[in-house]
file final.txt (compact mmCIF, C-alpha atoms)
# COMPACT_ATOMS: atom_id res chain seq x y z
CA MET A 110 87.54 112.69 78.52
CA ASP A 111 89.73 115.40 79.99
CA ASN A 112 92.22 117.00 77.59
CA GLU A 113 94.97 116.16 80.06
CA PHE A 114 94.18 112.48 79.61
CA LEU A 115 93.74 112.69 75.87
CA ASP A 116 97.13 114.35 75.39
CA ILE A 117 99.15 112.92 78.23
CA SER A 118 102.40 113.28 76.30
CA THR A 119 102.23 117.04 76.86
CA SER A 120 101.46 116.87 80.59
CA LEU A 121 104.78 116.88 82.43
CA ARG A 122 103.07 117.06 85.83
CA LEU A 123 101.01 113.95 85.16
CA GLN A 124 103.97 112.05 83.73
CA LEU A 125 106.18 112.80 86.72
CA GLY A 126 103.33 112.21 89.16
CA TYR A 127 102.58 108.83 87.63
CA GLY A 128 106.25 107.86 87.44
CA ILE A 129 106.97 108.44 91.14
CA GLY A 130 103.95 106.40 92.20
CA HIS A 131 105.94 103.17 92.14
CA ILE A 132 109.14 104.39 93.80
CA LEU A 133 108.28 102.89 97.19
CA ASN A 134 107.76 99.49 95.58
CA ASP A 135 110.91 99.95 93.52
CA VAL A 136 113.26 100.69 96.42
CA CYS A 137 111.79 97.81 98.43
CA ALA A 138 112.08 95.47 95.44
CA SER A 139 115.68 96.54 94.94
CA LEU A 140 116.56 95.56 98.50
CA TRP A 141 114.41 92.45 98.27
CA PHE A 142 115.85 90.99 95.07
CA THR A 143 119.43 92.24 95.36
CA TYR A 144 120.16 91.91 99.06
CA PHE A 145 117.56 89.60 100.60
CA LEU A 146 119.66 86.44 100.17
CA VAL A 147 122.83 88.36 101.02
CA PHE A 148 121.26 89.70 104.24
CA PHE A 149 119.68 86.46 105.41
CA HIS A 150 122.49 84.12 104.35
CA LEU A 151 125.66 86.16 104.89
CA VAL A 152 124.54 88.59 107.63
CA LEU A 153 121.86 86.75 109.67
CA GLU A 154 123.58 83.42 108.88
CA PHE A 155 120.55 81.44 107.75
CA THR A 156 121.48 78.58 105.45
CA ALA A 157 121.19 79.22 101.72
CA ALA A 158 118.18 76.87 101.60
CA GLN A 159 116.41 78.64 104.51
CA ALA A 160 116.92 82.02 102.87
CA GLY A 161 115.59 80.56 99.62
CA TYR A 162 112.48 79.20 101.36
CA LEU A 163 111.73 82.61 102.88
CA MET A 164 111.99 84.24 99.47
CA LEU A 165 109.78 81.50 98.02
CA ILE A 166 107.11 82.22 100.66
CA GLY A 167 107.13 85.85 99.62
CA GLN A 168 106.94 85.06 95.93
CA ILE A 169 104.05 82.60 96.41
CA VAL A 170 102.06 85.13 98.45
CA ASP A 171 102.80 87.79 95.84
CA ALA A 172 101.74 85.44 93.04
CA LEU A 173 98.43 84.63 94.75
CA ALA A 174 97.78 88.24 95.73
CA THR A 175 98.24 89.74 92.27
CA PRO A 176 95.26 88.12 90.48
CA PHE A 177 93.15 88.63 93.62
CA VAL A 178 94.01 92.32 93.71
CA GLY A 179 93.59 92.58 89.95
CA TYR A 180 90.11 91.04 90.00
CA HIS A 181 88.86 93.08 92.94
CA SER A 182 90.47 96.27 91.67
CA ASP A 183 88.43 95.93 88.48
CA HIS A 184 85.28 95.23 90.54
CA THR A 185 85.73 97.94 93.17
CA ASN A 186 82.68 100.16 92.86
CA ASN A 187 81.72 102.20 95.88
CA LEU A 188 81.39 105.84 96.86
CA MET A 189 84.99 106.18 97.99
CA SER A 190 86.41 104.57 94.86
CA THR A 191 84.21 106.80 92.69
CA ARG A 192 85.49 109.94 94.37
CA TYR A 193 89.12 108.96 94.88
CA GLY A 194 89.68 106.39 92.11
CA LYS A 195 89.57 102.62 92.47
CA ARG A 196 93.18 102.15 91.33
CA LYS A 197 94.48 104.81 93.72
CA LEU A 198 92.44 103.32 96.56
CA TRP A 199 94.18 99.97 96.16
CA HIS A 200 97.49 101.77 95.80
CA LEU A 201 96.89 103.47 99.16
CA PHE A 202 96.01 100.17 100.84
CA GLY A 203 99.16 98.54 99.49
CA THR A 204 101.35 101.42 100.58
CA GLY A 205 100.12 101.06 104.14
CA CYS A 206 100.88 97.34 104.20
CA VAL A 207 104.40 97.89 102.84
CA LEU A 208 105.23 100.59 105.40
CA LEU A 209 103.96 98.48 108.30
CA SER A 210 105.91 95.34 107.40
CA PHE A 211 109.04 96.00 105.35
CA PRO A 212 111.15 97.60 108.13
CA PHE A 213 111.03 94.35 110.13
CA ILE A 214 112.36 92.26 107.24
CA PHE A 215 115.75 93.99 107.06
CA MET A 216 116.36 94.05 110.81
CA GLU A 217 117.48 91.33 113.17
CA CYS A 218 114.65 89.43 114.85
CA LEU A 219 113.41 91.70 117.67
CA GLY A 220 113.73 89.85 120.97
CA CYS A 221 114.52 86.53 119.32
CA LYS A 222 117.83 86.84 117.48
CA ILE A 223 119.41 84.09 119.60
CA THR A 224 116.59 81.59 119.01
CA HIS A 225 116.84 78.76 116.49
CA LYS A 226 116.82 79.86 112.86
CA TRP A 227 113.76 77.75 112.03
CA ALA A 228 111.82 79.56 114.77
CA GLN A 229 112.96 82.92 113.46
CA MET A 230 111.63 81.96 110.04
CA PHE A 231 108.05 82.18 111.35
CA TYR A 232 108.73 85.68 112.63
CA PHE A 233 110.13 86.91 109.32
CA ALA A 234 107.55 84.99 107.25
CA ALA A 235 104.68 86.88 108.93
CA PHE A 236 106.09 90.26 107.88
CA ILE A 237 107.01 88.94 104.43
CA VAL A 238 103.38 87.89 103.85
CA ILE A 239 102.03 91.35 104.76
CA PHE A 240 104.71 93.06 102.69
CA GLN A 241 104.03 90.99 99.57
CA ILE A 242 100.27 91.56 99.74
CA GLY A 243 100.89 95.30 99.95
CA TRP A 244 103.54 95.21 97.23
CA ALA A 245 101.17 93.38 94.88
CA ALA A 246 98.38 95.91 95.53
CA VAL A 247 100.67 98.84 94.68
CA GLN A 248 102.13 97.16 91.60
CA ILE A 249 98.85 96.07 90.02
CA SER A 250 97.01 99.32 90.74
CA HIS A 251 99.88 101.37 89.34
CA LEU A 252 100.25 99.27 86.19
CA SER A 253 96.51 99.24 85.53
CA LEU A 254 96.49 103.04 85.47
CA ILE A 255 98.49 103.09 82.20
CA PRO A 256 95.66 102.02 79.85
CA GLU A 257 93.25 104.33 81.67
CA LEU A 258 95.49 107.38 81.35
CA ALA A 259 96.40 106.87 77.68
CA GLU A 260 94.69 105.35 74.64
CA ASP A 261 97.47 105.61 72.05
CA PRO A 262 99.88 102.61 72.08
CA HIS A 263 102.90 104.86 71.54
CA VAL A 264 101.93 107.04 74.50
CA ARG A 265 101.45 103.91 76.61
CA THR A 266 104.97 102.83 75.68
CA HIS A 267 106.12 106.32 76.64
CA LEU A 268 104.39 106.02 80.04
CA THR A 269 105.82 102.54 80.55
CA ALA A 270 109.31 103.84 79.75
CA ILE A 271 108.86 106.70 82.24
CA ARG A 272 107.71 104.21 84.87
CA TYR A 273 110.73 102.04 84.21
CA GLY A 274 112.99 105.09 84.18
CA PHE A 275 111.92 105.87 87.73
CA THR A 276 112.44 102.21 88.61
CA VAL A 277 116.01 102.49 87.37
CA PHE A 278 116.59 105.73 89.28
CA SER A 279 115.20 104.07 92.41
CA ASN A 280 117.58 101.14 92.07
CA ILE A 281 120.51 103.43 91.39
CA PHE A 282 119.60 105.40 94.51
CA VAL A 283 119.51 102.19 96.58
CA TYR A 284 122.92 101.08 95.31
CA ILE A 285 124.49 104.49 95.89
CA ILE A 286 123.17 104.55 99.45
CA THR A 287 124.40 100.98 99.94
CA TRP A 288 127.85 101.88 98.65
CA MET A 289 128.01 104.97 100.87
CA ILE A 290 126.96 103.09 104.00
CA LEU A 291 129.43 100.27 103.32
CA HIS A 292 132.23 102.60 102.20
CA PHE A 293 132.16 105.06 105.07
CA ASN A 294 131.57 102.46 107.78
CA GLY A 295 134.29 99.88 107.21
CA ASN A 296 136.90 98.71 104.76
CA CYS A 297 134.54 97.56 102.03
CA ASP A 298 137.36 97.50 99.47
CA LYS A 299 138.89 94.46 101.21
CA GLU A 300 136.32 92.95 103.58
CA GLN A 301 133.41 90.80 102.49
CA VAL A 302 129.87 91.11 103.87
CA GLY A 303 129.30 89.40 107.23
CA PRO A 304 127.21 89.36 110.45
CA ALA A 305 128.75 92.61 111.68
CA ASP A 306 127.01 94.47 108.84
CA ALA A 307 123.44 94.00 110.16
CA TRP A 308 123.14 97.61 111.37
CA LYS A 309 124.32 98.88 107.97
CA PHE A 310 121.46 97.16 106.17
CA ARG A 311 119.04 98.60 108.73
CA GLN A 312 120.33 102.11 107.97
CA ILE A 313 120.02 101.52 104.24
CA MET A 314 116.46 100.28 104.65
CA LEU A 315 115.35 103.28 106.72
CA ILE A 316 116.83 105.81 104.29
CA VAL A 317 115.32 104.36 101.13
CA LEU A 318 111.96 103.73 102.82
CA SER A 319 111.74 107.41 103.78
CA VAL A 320 112.28 108.49 100.17
CA GLY A 321 109.73 105.96 98.91
CA THR A 322 107.12 107.19 101.39
CA LEU A 323 107.55 110.80 100.25
CA ALA A 324 107.19 109.75 96.60
CA SER A 325 103.94 107.89 97.35
CA VAL A 326 102.47 110.92 99.06
CA LEU A 327 103.32 113.12 96.07
CA PHE A 328 101.79 110.57 93.68
CA HIS A 329 98.45 110.68 95.46
CA PHE A 330 98.41 114.48 95.33
CA THR A 331 99.46 114.90 91.69
CA VAL A 332 97.59 112.15 89.80
CA THR A 333 93.83 112.36 89.48
CA GLU A 334 92.22 109.14 88.35
CA LYS A 335 89.27 109.43 86.03
CA PRO A 336 86.67 106.72 85.32
CA SER A 337 87.72 104.77 82.25
CA ARG A 338 85.84 105.34 79.04
CA ASN A 339 84.60 101.78 79.04
CA GLN A 340 83.38 102.15 82.60
CA ILE A 341 81.24 105.09 81.53
CA GLU A 342 80.01 103.65 78.23
CA ASN A 343 79.57 100.02 79.30
CA ASP A 344 78.17 100.19 82.82
CA GLU A 345 75.90 97.22 82.09
CA TYR A 346 78.70 95.05 80.77
CA GLU A 347 79.26 92.04 83.01
CA SER A 348 82.91 92.05 84.18
CA SER A 349 82.83 88.38 85.07
CA THR A 350 81.86 87.51 81.49
CA LEU A 351 84.67 89.73 80.21
CA HIS A 352 87.21 87.98 82.42
CA SER A 353 85.99 84.58 81.19
CA ASP A 354 86.42 85.72 77.59
CA ILE A 355 89.95 86.90 78.33
CA LEU A 356 90.95 83.53 79.81
CA ARG A 357 89.89 81.77 76.59
CA LYS A 358 92.33 83.73 74.45
CA PHE A 359 95.56 81.92 73.59
CA LEU A 360 97.37 85.24 73.07
CA LEU A 361 96.96 86.01 76.78
CA TYR A 362 99.11 83.00 77.69
CA GLN A 363 101.65 83.79 75.00
CA VAL A 364 102.17 87.32 76.32
CA ALA A 365 102.18 85.96 79.88
CA GLY A 366 104.97 83.59 78.83
CA ILE A 367 106.96 86.51 77.43
CA TYR A 368 106.47 88.54 80.61
CA MET A 369 107.35 85.55 82.81
CA SER A 370 110.53 84.81 80.84
CA THR A 371 111.58 88.45 80.95
CA ARG A 372 111.02 88.70 84.68
CA LEU A 373 113.01 85.51 85.19
CA VAL A 374 115.93 87.15 83.37
CA VAL A 375 115.74 90.43 85.29
CA ASN A 376 114.90 89.08 88.75
CA ILE A 377 117.14 86.00 88.78
CA ALA A 378 120.07 88.11 87.59
CA GLN A 379 119.37 90.70 90.29
CA VAL A 380 119.23 88.00 92.98
CA LEU A 381 122.21 85.92 91.91
CA ILE A 382 124.73 88.54 90.80
CA PRO A 383 125.66 89.64 94.37
CA LEU A 384 126.15 85.99 95.35
CA TYR A 385 128.10 85.36 92.14
CA LEU A 386 130.35 88.32 92.95
CA HIS A 387 130.82 87.14 96.55
CA ARG A 388 131.33 83.42 96.04
CA THR A 389 132.55 82.83 92.47
CA LEU A 390 134.66 85.94 91.95
CA GLY A 391 135.50 86.49 95.65
CA LEU A 392 135.05 90.26 95.39
CA ALA A 393 134.82 92.57 98.40
CA ALA A 394 131.67 94.22 99.81
CA ARG A 395 132.15 97.28 97.58
CA ALA A 396 131.45 95.22 94.44
CA LEU A 397 128.05 94.15 95.79
CA ALA A 398 126.94 97.77 95.45
CA VAL A 399 128.98 98.97 92.48
CA VAL A 400 128.25 96.17 89.97
CA PRO A 401 124.44 96.30 90.50
CA LEU A 402 124.73 100.09 90.14
CA VAL A 403 126.42 99.67 86.75
CA ILE A 404 123.69 97.23 85.71
CA TYR A 405 121.06 99.85 86.36
CA LEU A 406 123.02 102.52 84.55
CA GLY A 407 122.74 100.22 81.56
CA SER A 408 119.02 99.94 82.28
CA LEU A 409 118.74 103.72 82.30
CA ALA A 410 120.22 103.84 78.81
CA ALA A 411 117.59 101.33 77.66
CA ALA A 412 114.78 103.46 79.10
CA GLY A 413 116.15 106.42 77.14
CA VAL A 414 116.26 104.38 73.93
CA GLN A 415 112.63 103.35 74.43
CA ARG A 416 111.66 106.96 75.07
CA LEU A 417 113.29 108.16 71.82
CA ALA A 418 112.40 105.16 69.65
CA PRO A 419 110.31 105.99 66.56
CA ARG A 420 106.90 104.45 65.99
CA SER A 421 108.38 102.21 63.29
CA PHE A 422 110.52 100.45 65.93
CA THR A 423 108.35 97.35 66.43
CA ARG A 424 107.89 95.35 69.61
CA LYS A 425 109.66 92.36 68.07
CA LEU A 426 112.68 94.40 67.01
CA SER A 427 112.88 96.03 70.43
CA TYR A 428 112.76 92.67 72.24
CA LEU A 429 115.30 91.16 69.83
CA SER A 430 117.83 93.92 70.47
CA GLY A 431 117.41 93.59 74.23
CA SER A 432 117.65 89.81 74.32
CA ALA A 433 120.79 89.86 72.14
CA CYS A 434 122.58 92.15 74.61
CA ALA A 435 121.44 90.16 77.65
CA LEU A 436 122.42 86.84 76.10
CA ALA A 437 125.88 88.18 75.23
CA GLY A 438 126.31 89.17 78.88
CA PHE A 439 125.30 85.76 80.26
CA ILE A 440 127.58 83.92 77.82
CA TRP A 441 130.46 86.16 78.91
CA VAL A 442 129.72 85.37 82.57
CA TYR A 443 130.03 81.66 81.83
CA LEU A 444 133.23 81.89 79.77
CA ASP A 445 135.37 84.33 81.77
CA SER A 446 136.50 84.65 85.42
CA ASP A 447 140.18 85.67 85.34
CA GLN A 448 141.66 88.60 87.25
CA TYR A 449 141.36 91.08 84.38
CA TYR A 450 137.71 90.13 83.99
CA LYS A 451 137.11 90.82 87.71
CA VAL A 452 138.71 94.26 87.48
CA LYS A 453 137.53 95.50 84.08
CA PHE A 454 135.24 93.30 82.00
CA ILE A 455 132.70 92.61 84.75
CA TYR A 456 131.46 96.18 84.29
CA ILE A 457 130.96 95.72 80.54
CA VAL A 458 129.03 92.54 81.29
CA ALA A 459 126.94 94.48 83.82
CA VAL A 460 126.02 97.10 81.20
CA LEU A 461 125.04 94.40 78.68
CA ILE A 462 122.81 92.62 81.20
CA GLY A 463 121.29 95.87 82.45
CA PHE A 464 120.56 97.29 78.99
CA GLY A 465 119.26 94.02 77.60
CA GLY A 466 117.05 93.22 80.58
CA ALA A 467 115.52 96.69 80.64
CA GLN A 468 114.81 96.66 76.90
CA MET A 469 113.10 93.30 77.24
CA LEU A 470 111.10 94.35 80.29
CA VAL A 471 109.78 97.62 78.87
CA THR A 472 108.80 95.80 75.67
CA SER A 473 106.99 93.04 77.56
CA LEU A 474 105.09 95.62 79.61
CA SER A 475 104.15 97.44 76.40
CA LEU A 476 102.88 94.16 74.95
CA THR A 477 100.72 93.76 78.05
CA ALA A 478 99.32 97.27 77.61
CA ASP A 479 98.58 96.40 73.96
CA LEU A 480 96.80 93.29 75.20
CA VAL A 481 94.53 95.45 77.33
CA GLY A 482 93.92 97.97 74.56
CA GLU A 483 90.77 100.01 75.16
CA SER A 484 89.24 97.45 77.53
CA THR A 485 90.55 99.14 80.66
CA GLN A 486 87.84 97.66 82.89
CA ALA A 487 89.85 94.40 82.82
CA SER A 488 93.34 95.90 82.95
CA ALA A 489 94.11 95.03 86.59
CA PHE A 490 92.92 91.45 86.03
CA ILE A 491 95.25 91.04 83.04
CA TYR A 492 98.21 92.58 84.87
CA GLY A 493 97.43 90.29 87.79
CA ILE A 494 97.69 87.22 85.57
CA MET A 495 101.01 88.45 84.17
CA SER A 496 102.41 89.03 87.62
CA PHE A 497 101.11 85.66 88.90
CA THR A 498 103.22 83.74 86.39
CA ASP A 499 106.24 85.93 87.06
CA LYS A 500 106.23 85.70 90.86
CA LEU A 501 105.52 81.97 91.05
CA CYS A 502 108.20 80.99 88.54
CA CYS A 503 110.82 83.35 89.99
CA GLY A 504 110.18 82.14 93.53
CA ALA A 505 110.36 78.48 92.54
CA ALA A 506 113.54 79.01 90.51
CA ILE A 507 115.32 80.89 93.32
CA ALA A 508 114.29 78.33 95.96
CA LEU A 509 115.46 75.46 93.75
CA ILE A 510 118.81 77.15 93.12
CA GLN A 511 119.30 77.83 96.83
CA MET A 512 118.46 74.25 97.84
CA TYR A 513 121.72 73.01 96.32
CA ALA A 514 123.88 76.07 97.05
CA ASP A 515 125.21 75.22 100.53
CA ASP A 516 127.40 72.30 99.43
CA ALA A 517 128.11 73.49 95.88
CA GLY A 518 131.45 74.66 94.47
CA ILE A 519 132.58 78.22 93.83
CA TYR A 520 131.27 78.17 90.23
CA TYR A 521 127.74 77.23 91.25
CA TYR A 522 126.27 80.73 91.06
CA ARG A 523 128.11 81.42 87.80
CA ASP A 524 126.52 78.37 86.21
CA ALA A 525 123.07 79.10 87.65
CA LEU A 526 123.19 82.73 86.50
CA SER A 527 124.31 81.99 82.96
CA TRP A 528 122.19 78.90 82.27
CA VAL A 529 118.90 79.91 83.93
CA CYS A 530 118.91 83.50 82.66
CA GLY A 531 120.23 82.48 79.24
CA ALA A 532 117.49 79.88 78.77
CA ALA A 533 114.80 82.34 79.90
CA THR A 534 116.11 84.93 77.43
CA ILE A 535 115.87 82.46 74.53
CA LEU A 536 112.35 81.39 75.59
CA GLY A 537 111.11 84.99 75.79
CA LEU A 538 112.59 85.85 72.39
CA THR A 539 111.05 82.77 70.77
CA LEU A 540 107.57 83.58 72.11
CA THR A 541 107.91 87.21 71.00
CA LEU A 542 108.93 86.32 67.44
CA LEU A 543 105.91 83.98 67.23
CA LEU A 544 103.46 86.79 68.07
CA PRO A 545 101.02 87.70 65.29
CA ASN A 546 101.49 91.06 63.63
CA GLN A 547 98.90 93.48 65.00
CA THR A 548 98.42 97.19 64.52
CA HIS A 549 95.23 97.71 66.50
CA ASN A 550 95.05 99.11 69.99
CA SER A 551 93.76 95.95 71.59
CA LEU A 552 95.36 92.62 70.74
CA ILE A 553 93.12 90.41 72.80
CA PHE A 554 89.78 91.86 71.71
CA ASN A 555 90.42 91.77 67.98
CA GLY A 556 89.92 88.06 67.54
CA MET A 557 93.45 86.96 68.37
call {"tool": "encode", "arguments": {"input": "final.txt", "output": "structure tokens"}}
result
Amino acid sequence: MDNEFLDISTSLRLQLGYGIGHILNDVCASLWFTYFLVFFHLVLEFTAAQAGYLMLIGQIVDALATPFVGYHSDHTNNLMSTRYGKRKLWHLFGTGCVLLSFPFIFMECLGCKITHKWAQMFYFAAFIVIFQIGWAAVQISHLSLIPELAEDPHVRTHLTAIRYGFTVFSNIFVYIITWMILHFNGNCDKEQVGPADAWKFRQIMLIVLSVGTLASVLFHFTVTEKPSRNQIENDEYESSTLHSDILRKFLLYQVAGIYMSTRLVVNIAQVLIPLYLHRTLGLAARALAVVPLVIYLGSLAAAGVQRLAPRSFTRKLSYLSGSACALAGFIWVYLDSDQYYKVKFIYIVAVLIGFGGAQMLVTSLSLTADLVGESTQASAFIYGIMSFTDKLCCGAAIALIQMYADDAGIYYYRDALSWVCGAATILGLTLTLLLPNQTHNSLIFNGM
């Protein structure tokens, strides 16, 4: 194998090139999870339930697409994939789908904005389906590159932390752009978000999409995918048999449960916090950009901690520290809502949730990379299973929360945020502490 791939920790170009490969997905996901319900419910004036159903459609499509992409990414074997790289080929396909569909999601219905909302749902659902298929293709292909670029578990954690660091930067960029657009085009310190802000969200979408497109182009020029070692040494190994063996391992479902619980914490918090700020705390439009920004500053600190953590810092200890911070934040959300909390303490809570969620997420991704180990020919399939559980559960949870939101009281989103995310944090921590101790590269192929 190439020296660059054997010693990836010394290759700054490859690290940066890999890290920026998910920026397009990251900026779209930031708008999707943070502002989708805000845009459709508060700006386009869909009911809370209708907005929840649209998000559920997207999450279901994403959930179904991820194992499909994962399976076929592992089985892609043609002349073009050999020359260009099968993971990068799927990444390119996904990028095209995202760019063709996402702009229409954060704009008013073209030529039909005065039609009935249920009719408009078909219009938006079509673009949401295309977007989620593309998003899944980019996510799975990018994740499955980690085990192929690095063999050492510590280096894989390093790559995962870099990937998450760029995710944090992408989210911070989105929130800064959102704050700037809202701040310089209206009195966002006093006014709440409403239908008149539709053009502002369109501007935000176009700016961040341009940056994401540039990052994707640079990724494809700077990262060269090599055939995995197992692909070279085990050409006669039947992939279908390998996938069947993987599905029989209990540890796969345990790690999938950890990843699902972690994503529930991160994604549900990202979705509900703007609505919690708007409805429960009654804060102005400015807070809908500033508080999520503070959350991701906390996430950035967690990425730095993961980057500098010594090898002796175990996965269990890392997840425990993250879940403790996140749980403290959700308990604080439930217990406090006075004026001083709105002005000062909400930012401390944001840091706790951001740091804790990021620590948990990077650790769960590292556990998934450990699960793959040296068997990189099945990496996309495994990442697809992880993502399937995450997307389906998140979509169902958000839709269920939104079904009862229209007629609920002002503390509804506070209760949903604290109880749902708190319970998911405890579940993820419990499953992590029950993991067997393992020092080998591959967890799943060492008899676990």
call {"tool": "residues_around", "arguments": {"input": "final.txt", "residues": "range 493-504 of chain A", "least_positions_apart": "3", "cutoff": "9 Å", "atoms": "only C-alpha atoms", "output": "PyMOL selection string"}}
result
chain A and resi 161-162+164-180+245+249+361-362+364-366+368-373+376-377+477+488-490+507-509
call {"tool": "write_last_selection", "arguments": {"input": "final.txt", "atoms": "C-alpha atoms", "output": "PDB file, in the frame of the given file"}}
result
ATOM      1  CA  GLY A 161     115.590  80.560  99.620  1.00  0.00           C
ATOM      2  CA  TYR A 162     112.480  79.200 101.360  1.00  0.00           C
ATOM      3  CA  MET A 164     111.990  84.240  99.470  1.00  0.00           C
ATOM      4  CA  LEU A 165     109.780  81.500  98.020  1.00  0.00           C
ATOM      5  CA  ILE A 166     107.110  82.220 100.660  1.00  0.00           C
ATOM      6  CA  GLY A 167     107.130  85.850  99.620  1.00  0.00           C
ATOM      7  CA  GLN A 168     106.940  85.060  95.930  1.00  0.00           C
ATOM      8  CA  ILE A 169     104.050  82.600  96.410  1.00  0.00           C
ATOM      9  CA  VAL A 170     102.060  85.130  98.450  1.00  0.00           C
ATOM     10  CA  ASP A 171     102.800  87.790  95.840  1.00  0.00           C
ATOM     11  CA  ALA A 172     101.740  85.440  93.040  1.00  0.00           C
ATOM     12  CA  LEU A 173      98.430  84.630  94.750  1.00  0.00           C
ATOM     13  CA  ALA A 174      97.780  88.240  95.730  1.00  0.00           C
ATOM     14  CA  THR A 175      98.240  89.740  92.270  1.00  0.00           C
ATOM     15  CA  PRO A 176      95.260  88.120  90.480  1.00  0.00           C
ATOM     16  CA  PHE A 177      93.150  88.630  93.620  1.00  0.00           C
ATOM     17  CA  VAL A 178      94.010  92.320  93.710  1.00  0.00           C
ATOM     18  CA  GLY A 179      93.590  92.580  89.950  1.00  0.00           C
ATOM     19  CA  TYR A 180      90.110  91.040  90.000  1.00  0.00           C
ATOM     20  CA  ALA A 245     101.170  93.380  94.880  1.00  0.00           C
ATOM     21  CA  ILE A 249      98.850  96.070  90.020  1.00  0.00           C
ATOM     22  CA  LEU A 361      96.960  86.010  76.780  1.00  0.00           C
ATOM     23  CA  TYR A 362      99.110  83.000  77.690  1.00  0.00           C
ATOM     24  CA  VAL A 364     102.170  87.320  76.320  1.00  0.00           C
ATOM     25  CA  ALA A 365     102.180  85.960  79.880  1.00  0.00           C
ATOM     26  CA  GLY A 366     104.970  83.590  78.830  1.00  0.00           C
ATOM     27  CA  TYR A 368     106.470  88.540  80.610  1.00  0.00           C
ATOM     28  CA  MET A 369     107.350  85.550  82.810  1.00  0.00           C
ATOM     29  CA  SER A 370     110.530  84.810  80.840  1.00  0.00           C
ATOM     30  CA  THR A 371     111.580  88.450  80.950  1.00  0.00           C
ATOM     31  CA  ARG A 372     111.020  88.700  84.680  1.00  0.00           C
ATOM     32  CA  LEU A 373     113.010  85.510  85.190  1.00  0.00           C
ATOM     33  CA  ASN A 376     114.900  89.080  88.750  1.00  0.00           C
ATOM     34  CA  ILE A 377     117.140  86.000  88.780  1.00  0.00           C
ATOM     35  CA  THR A 477     100.720  93.760  78.050  1.00  0.00           C
ATOM     36  CA  SER A 488      93.340  95.900  82.950  1.00  0.00           C
ATOM     37  CA  ALA A 489      94.110  95.030  86.590  1.00  0.00           C
ATOM     38  CA  PHE A 490      92.920  91.450  86.030  1.00  0.00           C
ATOM     39  CA  ILE A 507     115.320  80.890  93.320  1.00  0.00           C
ATOM     40  CA  ALA A 508     114.290  78.330  95.960  1.00  0.00           C
ATOM     41  CA  LEU A 509     115.460  75.460  93.750  1.00  0.00           C
TER      42      LEU A 509
END
call {"tool": "atom_distance", "arguments": {"input": "final.txt", "atom1": "CA of Gln312 in chain A", "atom2": "CA of Tyr127 in chain A"}}
result
27.8 Å
call {"tool": "closest_residue", "arguments": {"input": "final.txt", "among": "A:Ser475, A:Val403, A:Ser250, A:Ala467", "to": "Phe454 in chain A", "atoms": "all atoms listed in the file"}}
result
A:Val403
call {"tool": "atom_distance", "arguments": {"input": "final.txt", "atom1": "CA of Val136 in chain A", "atom2": "CA of Val317 in chain A"}}
result
6.3 Å
call {"tool": "residues_near_point", "arguments": {"input": "final.txt", "point": "(103.4, 97.5, 92.9)", "cutoff": "8 Å", "atoms": "all atoms listed in the file", "output": "PyMOL selection string"}}
result
chain A and resi 131+134-135+200+203+243-252
call {"tool": "closest_atom_pairs", "arguments": {"input": "final.txt", "of": "range 470-539 of chain A", "to": "range 382-397 of chain A", "cutoff": "9 Å", "atoms": "only C-alpha atoms", "output": "tab-separated table"}}
result
residue	atom	partner	partner_atom	distance
A:Gly518	CA	A:Thr389	CA	8.5
A:Ile519	CA	A:Thr389	CA	4.8
A:Tyr520	CA	A:Thr389	CA	5.3
A:Tyr521	CA	A:Thr389	CA	7.5
A:Tyr522	CA	A:Tyr385	CA	5.1
A:Arg523	CA	A:Tyr385	CA	5.9
A:Leu526	CA	A:Ile382	CA	7.4
call {"tool": "atom_distance", "arguments": {"input": "final.txt", "atom1": "CA of Leu544 in chain A", "atom2": "CA of Gly438 in chain A"}}
result
25.4 Å
call {"tool": "residues_around", "arguments": {"input": "final.txt", "residues": "Phe439 in chain A", "least_positions_apart": "3", "cutoff": "8 Å", "atoms": "only C-alpha atoms", "output": "PyMOL selection string"}}
result
chain A and resi 435-436+442-443+458+462+526-528+530-531
call {"tool": "residues_around", "arguments": {"input": "final.txt", "residues": "Lys425 in chain A", "least_positions_apart": "4", "cutoff": "9 Å", "atoms": "only C-alpha atoms", "output": "count of residues only"}}
result
7
call {"tool": "closest_residue", "arguments": {"input": "final.txt", "among": "A:Pro304, A:Cys218, A:Ile239, A:Leu536", "to": "Val374 in chain A", "atoms": "only C-alpha atoms"}}
result
A:Leu536
call {"tool": "decode", "arguments": {"input": "final.txt", "residues": "range 229-233 of chain A", "atoms": "N, CA and C atoms", "output": "JSON list (two decimals), in the first residue's frame"}}
result
[["chain", "number", "residue", "atom", "x", "y", "z"],
["A", 229, "GLN", "N", -49.15, 21.22, -2.10],
["A", 229, "GLN", "CA", -47.76, 21.63, -2.11],
["A", 229, "GLN", "C", -46.84, 20.56, -1.51],
["A", 230, "MET", "N", -47.39, 19.75, -0.64],
["A", 230, "MET", "CA", -46.57, 18.71, -0.01],
["A", 230, "MET", "C", -46.03, 17.72, -1.04],
["A", 231, "PHE", "N", -46.80, 17.43, -2.10],
["A", 231, "PHE", "CA", -46.33, 16.53, -3.15],
["A", 231, "PHE", "C", -45.16, 17.15, -3.90],
["A", 232, "TYR", "N", -45.25, 18.44, -4.13],
["A", 232, "TYR", "CA", -44.17, 19.17, -4.82],
["A", 232, "TYR", "C", -42.88, 19.07, -4.01],
["A", 233, "PHE", "N", -42.95, 19.43, -2.73],
["A", 233, "PHE", "CA", -41.75, 19.42, -1.90],
["A", 233, "PHE", "C", -41.26, 17.99, -1.65]]
